[in-house]
>>> print(open('upload07.txt').read())   # compact mmCIF, C-alpha atoms
# COMPACT_ATOMS: atom_id res chain seq x y z
CA MET A 1020 0.00 0.00 0.00
CA LYS A 1021 1.43 3.40 -1.06
CA ASN A 1022 1.18 6.47 1.13
CA LYS A 1023 -0.49 9.33 -0.70
CA GLY A 1024 0.15 12.95 0.18
CA PHE A 1025 2.70 15.76 -0.03
CA THR A 1026 6.10 15.92 1.50
CA ILE A 1027 7.11 18.90 3.59
CA ILE A 1028 9.51 20.05 0.85
CA GLU A 1029 6.73 20.00 -1.78
CA MET A 1030 4.47 22.00 0.57
CA LEU A 1031 7.20 24.59 1.27
CA ILE A 1032 7.97 25.03 -2.44
CA THR A 1033 4.26 25.44 -3.24
CA MET A 1034 3.78 27.98 -0.43
CA GLY A 1035 6.92 29.86 -1.55
CA VAL A 1036 5.69 30.11 -5.15
CA PHE A 1037 2.25 31.23 -3.92
CA ALA A 1038 3.82 33.88 -1.65
CA LEU A 1039 6.02 35.16 -4.50
CA ILE A 1040 3.09 35.51 -6.92
CA SER A 1041 0.91 37.13 -4.24
CA SER A 1042 3.59 39.69 -3.36
CA MET A 1043 4.05 40.59 -7.04
CA VAL A 1044 0.31 41.09 -7.48
CA LEU A 1045 -0.03 43.13 -4.29
CA ALA A 1046 2.98 45.28 -5.15
CA ASN A 1047 1.34 46.32 -8.45
CA TYR A 1048 -2.15 46.80 -6.98
CA PRO A 1049 -1.83 50.55 -6.16
CA ARG A 1050 -0.66 51.32 -9.72
CA PHE A 1051 -3.45 49.18 -11.17
CA SER A 1052 -5.95 50.90 -8.90
CA GLU A 1053 -4.79 54.37 -10.02
CA ARG A 1054 -5.09 53.40 -13.70
CA LEU A 1055 -8.56 52.00 -13.11
CA THR A 1056 -9.62 55.17 -11.28
CA LEU A 1057 -8.26 57.30 -14.15
CA GLU A 1058 -10.24 55.23 -16.68
CA GLN A 1059 -13.42 55.60 -14.60
CA THR A 1060 -12.91 59.37 -14.25
CA ALA A 1061 -12.41 59.79 -18.02
CA GLN A 1062 -15.53 57.71 -18.70
CA LYS A 1063 -17.58 59.86 -16.27
CA ILE A 1064 -16.43 63.06 -17.99
CA ALA A 1065 -17.24 61.57 -21.41
CA LEU A 1066 -20.66 60.61 -20.05
CA SER A 1067 -21.24 64.26 -19.10
CA PHE A 1068 -20.57 65.29 -22.71
CA ARG A 1069 -23.03 62.64 -23.89
CA GLU A 1070 -25.59 63.88 -21.36
CA ALA A 1071 -25.26 67.48 -22.60
CA LYS A 1072 -25.66 66.25 -26.18
CA ILE A 1073 -28.81 64.25 -25.35
CA ILE A 1074 -30.34 67.09 -23.33
CA SER A 1075 -29.76 69.53 -26.18
CA LEU A 1076 -31.57 67.20 -28.58
CA THR A 1077 -34.47 66.30 -26.31
CA VAL A 1078 -35.29 69.44 -24.35
CA GLY A 1079 -38.32 71.18 -25.71
CA GLU A 1080 -39.04 74.80 -26.28
CA PHE A 1081 -37.87 77.29 -23.66
CA LYS A 1082 -39.90 80.47 -23.17
CA VAL A 1083 -38.58 83.80 -22.00
CA GLY A 1084 -41.41 86.29 -21.92
CA THR A 1085 -43.10 86.11 -25.30
CA GLU A 1086 -40.09 84.66 -27.12
CA SER A 1087 -39.45 80.93 -27.35
CA PHE A 1088 -36.33 79.07 -28.45
CA PHE A 1089 -34.49 75.77 -28.10
CA PRO A 1090 -31.44 76.33 -25.89
CA GLY A 1091 -28.17 74.60 -26.46
CA TYR A 1092 -26.40 72.71 -23.70
CA GLY A 1093 -22.70 72.36 -23.15
CA VAL A 1094 -19.87 71.30 -20.91
CA HIS A 1095 -17.46 73.86 -19.46
CA PHE A 1096 -14.11 73.26 -17.79
CA ASP A 1097 -11.32 75.48 -16.59
CA ALA A 1098 -7.86 73.96 -16.02
CA SER A 1099 -6.05 77.31 -16.01
CA GLY A 1100 -4.53 76.78 -12.58
CA ASN A 1101 -7.02 78.49 -10.31
CA GLY A 1102 -7.99 75.25 -8.57
CA ASP A 1103 -10.88 74.36 -10.90
CA ASP A 1104 -9.07 71.49 -12.66
CA LYS A 1105 -11.18 69.03 -10.65
CA ARG A 1106 -14.48 70.76 -11.45
CA TYR A 1107 -16.54 70.87 -14.64
CA LEU A 1108 -20.17 71.56 -15.34
CA ILE A 1109 -23.05 71.13 -17.74
CA PHE A 1110 -24.73 74.42 -18.58
CA SER A 1111 -27.68 75.61 -20.61
CA ASP A 1112 -26.98 78.26 -23.22
CA LEU A 1113 -30.00 80.40 -22.39
CA ASP A 1114 -28.66 83.53 -24.10
CA ALA A 1115 -27.67 81.58 -27.26
CA ASN A 1116 -24.09 82.88 -27.35
CA LYS A 1117 -22.60 79.34 -27.58
CA LYS A 1118 -20.31 79.75 -24.57
CA TYR A 1119 -20.51 79.54 -20.78
CA ILE A 1120 -21.21 82.71 -18.87
CA GLU A 1121 -21.11 82.33 -15.10
CA SER A 1122 -24.62 82.65 -13.69
CA ASP A 1123 -26.90 80.59 -11.52
CA ASP A 1124 -29.51 80.34 -14.29
CA GLY A 1125 -27.28 78.53 -16.76
CA GLU A 1126 -25.60 75.96 -14.52
CA LYS A 1127 -27.42 72.66 -14.72
CA ASP A 1128 -25.05 70.18 -13.07
CA VAL A 1129 -21.71 70.79 -11.38
CA PHE A 1130 -19.32 67.83 -11.09
CA ILE A 1131 -16.30 67.51 -8.81
CA ILE A 1132 -13.73 64.83 -9.64
CA GLN A 1133 -13.40 62.80 -6.44
CA SER A 1134 -10.29 60.83 -7.43
CA SER A 1135 -6.68 61.99 -7.64
CA ALA A 1136 -7.10 62.55 -11.41
CA PHE A 1137 -7.57 66.04 -12.83
CA ILE A 1138 -8.23 67.76 -16.16
CA SER A 1139 -4.94 69.10 -17.53
CA GLY A 1140 -6.25 70.87 -20.62
CA ALA A 1141 -7.28 70.30 -24.22
CA CYS A 1142 -5.87 70.18 -27.74
CA PHE A 1143 -7.74 71.26 -30.86
CA GLY A 1144 -7.45 69.34 -34.12
CA GLU A 1145 -6.25 65.91 -35.15
CA GLU A 1146 -2.54 66.54 -34.68
CA ASN A 1147 -2.35 65.84 -30.97
CA ASP A 1148 -0.39 63.28 -29.04
CA GLU A 1149 -1.02 61.51 -25.73
CA SER A 1150 0.22 64.46 -23.68
CA LEU A 1151 -0.78 68.09 -23.72
CA GLY A 1152 2.86 69.11 -24.11
CA GLN A 1153 2.93 67.54 -27.58
CA CYS A 1154 0.34 69.85 -29.11
CA GLU A 1155 1.20 73.21 -30.62
CA VAL A 1156 0.78 76.16 -28.29
CA TYR A 1157 -1.91 77.70 -30.50
CA ASN A 1158 -3.92 74.46 -30.33
CA GLN A 1159 -3.78 74.17 -26.52
CA ALA A 1160 -6.60 75.34 -24.29
CA LYS A 1161 -7.01 75.42 -20.54
CA ILE A 1162 -10.54 76.86 -20.62
CA LEU A 1163 -12.98 75.13 -22.97
CA ASP A 1164 -16.70 75.08 -23.72
CA VAL A 1165 -18.23 72.38 -25.91
CA VAL A 1166 -21.79 73.42 -26.82
CA PHE A 1167 -24.43 71.25 -28.51
CA THR A 1168 -27.15 73.32 -30.19
CA ARG A 1169 -30.31 72.55 -32.09
CA PRO A 1170 -31.84 72.19 -34.58
CA LYS A 1171 -28.88 71.04 -36.76
CA PRO A 1172 -27.54 69.73 -34.23
CA SER A 1173 -24.19 71.49 -34.26
CA ILE A 1174 -21.25 71.33 -31.92
CA ASP A 1175 -19.25 74.45 -31.17
CA PHE A 1176 -15.85 74.60 -29.47
CA TYR A 1177 -15.15 77.82 -27.58
CA ASP A 1178 -11.52 78.46 -26.63
CA GLY A 1179 -11.79 80.44 -23.40
CA ASP A 1180 -8.04 81.16 -23.36
CA ARG A 1181 -8.25 83.16 -26.59
CA SER A 1182 -11.95 84.12 -26.37
CA GLN A 1183 -12.74 82.65 -29.78
CA TRP A 1184 -14.65 79.83 -31.41
CA ARG A 1185 -12.56 77.14 -33.04
CA ASN A 1186 -13.32 75.45 -36.39
CA GLU A 1187 -11.27 72.28 -35.91
CA GLN A 1188 -13.00 68.95 -36.44
CA ASN A 1189 -12.27 67.69 -32.95
CA VAL A 1190 -10.99 68.56 -29.52
CA SER A 1191 -9.17 66.22 -27.12
CA ILE A 1192 -9.49 66.70 -23.38
CA PHE A 1193 -6.70 65.27 -21.25
CA VAL A 1194 -7.31 63.68 -17.85
CA VAL A 1195 -4.14 62.92 -15.89
CA ASN A 1196 -3.37 61.18 -12.59
CA PRO A 1197 -0.39 61.87 -10.25
CA GLU A 1198 1.59 59.01 -11.86
CA SER A 1199 1.37 60.89 -15.20
CA ASP A 1200 -0.93 58.33 -16.82
CA VAL A 1201 -3.11 60.09 -19.41
CA LYS A 1202 -6.60 59.42 -20.78
CA LYS A 1203 -7.84 61.38 -23.76
CA ILE A 1204 -11.52 62.21 -24.38
CA ILE A 1205 -12.08 63.12 -28.03
CA ILE A 1206 -15.19 65.06 -29.08
CA TRP A 1207 -15.76 65.28 -32.84
CA LYS A 1208 -17.91 67.87 -34.61
CA THR A 1209 -19.93 64.94 -35.92
CA GLY A 1210 -21.04 64.12 -32.36
CA GLN A 1211 -18.81 61.10 -31.75
CA ILE A 1212 -17.27 60.97 -28.26
CA THR A 1213 -14.49 58.48 -27.52
CA VAL A 1214 -12.08 57.75 -24.67
CA LYS A 1215 -8.53 56.57 -25.45
>>> encode(input="upload07.txt", output="structure tokens")
Amino acid sequence: MKNKGFTIIEMLITMGVFALISSMVLANYPRFSERLTLEQTAQKIALSFREAKIISLTVGEFKVGTESFFPGYGVHFDASGNGDDKRYLIFSDLDANKKYIESDDGEKDVFIIQSSAFISGACFGEENDESLGQCEVYNQAKILDVVFTRPKPSIDFYDGDRSQWRNEQNVSIFVVNPESDVKKIIIWKTGQITVK
């Protein structure tokens, strides 16, 4: 009759291999967690752009006195260094100027990024890389409004740094975490919104 079972040496080797694999996984967990949080933050911001787009298409007529119109809705962010790089908002364009003007009437939803990630800025046009430093100075923006208006629907990009509307086909918004990982949210004039 044979004895079945493990020897002490086999058990120690198995436990050693298990401990080694576990320590490798646990050592990389904080980095993995930060990347996952960055991905979730970028997806939430992209969802806000989609929400503004849907609201602009579905909200009915808005009446001011005897006049009625269909307001546009947009997303505004300011990463110019005054502490608002963790805050962005959806606003209604009640005065039809296709940009955000600070007032209580126009702000619909204000969002605060709860993670360590923050909005570092934006790049206009297709020639942009994974980091804001790679885009030409003229194509960089720290203050940006993306406004969806009816009835076309059209999408307007307002460069708050230069106080002008931009005609590029897309804008990329960069979300960065403290480890310098970058997620890019791309909004196209056609209405497509992607996260890379």
>>> residues_around(input="upload07.txt", residues="range 1191-1201 of chain A", least_positions_apart="5", cutoff="8 Å", atoms="only C-alpha atoms", output="PyMOL selection string")
chain A and resi 1053-1054+1057+1060-1061+1135-1144+1147+1149-1151+1206
>>> atom_distance(input="upload07.txt", atom1="CA of Val1166 in chain A", atom2="CA of Thr1056 in chain A")
26.9 Å
>>> residues_near_point(input="upload07.txt", point="(-15.9, 74.1, -32.5)", cutoff="9 Å", atoms="all atoms listed in the file", output="PDB file with C-alpha atoms, in the coordinates of the input")
ATOM      1  CA  PHE A1143      -7.740  71.260 -30.860  1.00  0.00           C
ATOM      2  CA  ASP A1164     -16.700  75.080 -23.720  1.00  0.00           C
ATOM      3  CA  VAL A1165     -18.230  72.380 -25.910  1.00  0.00           C
ATOM      4  CA  VAL A1166     -21.790  73.420 -26.820  1.00  0.00           C
ATOM      5  CA  SER A1173     -24.190  71.490 -34.260  1.00  0.00           C
ATOM      6  CA  ILE A1174     -21.250  71.330 -31.920  1.00  0.00           C
ATOM      7  CA  ASP A1175     -19.250  74.450 -31.170  1.00  0.00           C
ATOM      8  CA  PHE A1176     -15.850  74.600 -29.470  1.00  0.00           C
ATOM      9  CA  TYR A1177     -15.150  77.820 -27.580  1.00  0.00           C
ATOM     10  CA  ASP A1178     -11.520  78.460 -26.630  1.00  0.00           C
ATOM     11  CA  TRP A1184     -14.650  79.830 -31.410  1.00  0.00           C
ATOM     12  CA  ARG A1185     -12.560  77.140 -33.040  1.00  0.00           C
ATOM     13  CA  ASN A1186     -13.320  75.450 -36.390  1.00  0.00           C
ATOM     14  CA  GLU A1187     -11.270  72.280 -35.910  1.00  0.00           C
ATOM     15  CA  GLN A1188     -13.000  68.950 -36.440  1.00  0.00           C
ATOM     16  CA  ASN A1189     -12.270  67.690 -32.950  1.00  0.00           C
ATOM     17  CA  VAL A1190     -10.990  68.560 -29.520  1.00  0.00           C
ATOM     18  CA  TRP A1207     -15.760  65.280 -32.840  1.00  0.00           C
ATOM     19  CA  LYS A1208     -17.910  67.870 -34.610  1.00  0.00           C
TER      20      LYS A1208
END
>>> atom_distance(input="upload07.txt", atom1="CA of Phe1051 in chain A", atom2="CA of Lys1202 in chain A")
14.4 Å
>>> atom_distance(input="upload07.txt", atom1="CA of Ile1131 in chain A", atom2="CA of Tyr1107 in chain A")
6.7 Å
>>> residues_around(input="upload07.txt", residues="Tyr1092 in chain A", least_positions_apart="5", cutoff="8 Å", atoms="all atoms listed in the file", output="list of chain:residue names")
A:Ala1071, A:Lys1072, A:Ile1074, A:Ser1075, A:Ile1109, A:Phe1110, A:Ser1111, A:Asp1112, A:Val1166, A:Phe1167, A:Thr1168
>>> closest_residue(input="upload07.txt", among="A:Ser1134, A:Ser1067, A:Thr1213, A:Asn1116", to="Asp1104 in chain A", atoms="all atoms listed in the file")
A:Ser1134
>>> closest_residue(input="upload07.txt", among="A:Ile1212, A:Leu1163, A:Val1094, A:Leu1045", to="Gln1183 in chain A", atoms="all atoms listed in the file")
A:Leu1163
>>> closest_residue(input="upload07.txt", among="A:Ile1032, A:Ser1087, A:Asp1128, A:Lys1161", to="Phe1068 in chain A", atoms="all atoms listed in the file")
A:Asp1128
>>> closest_residue(input="upload07.txt", among="A:Val1129, A:Ala1065, A:Ala1098, A:Glu1121", to="Gln1159 in chain A", atoms="all atoms listed in the file")
A:Ala1098
>>> closest_residue(input="upload07.txt", among="A:Met1034, A:Lys1105, A:Arg1169, A:Asn1022", to="Glu1080 in chain A", atoms="only C-alpha atoms")
A:Arg1169
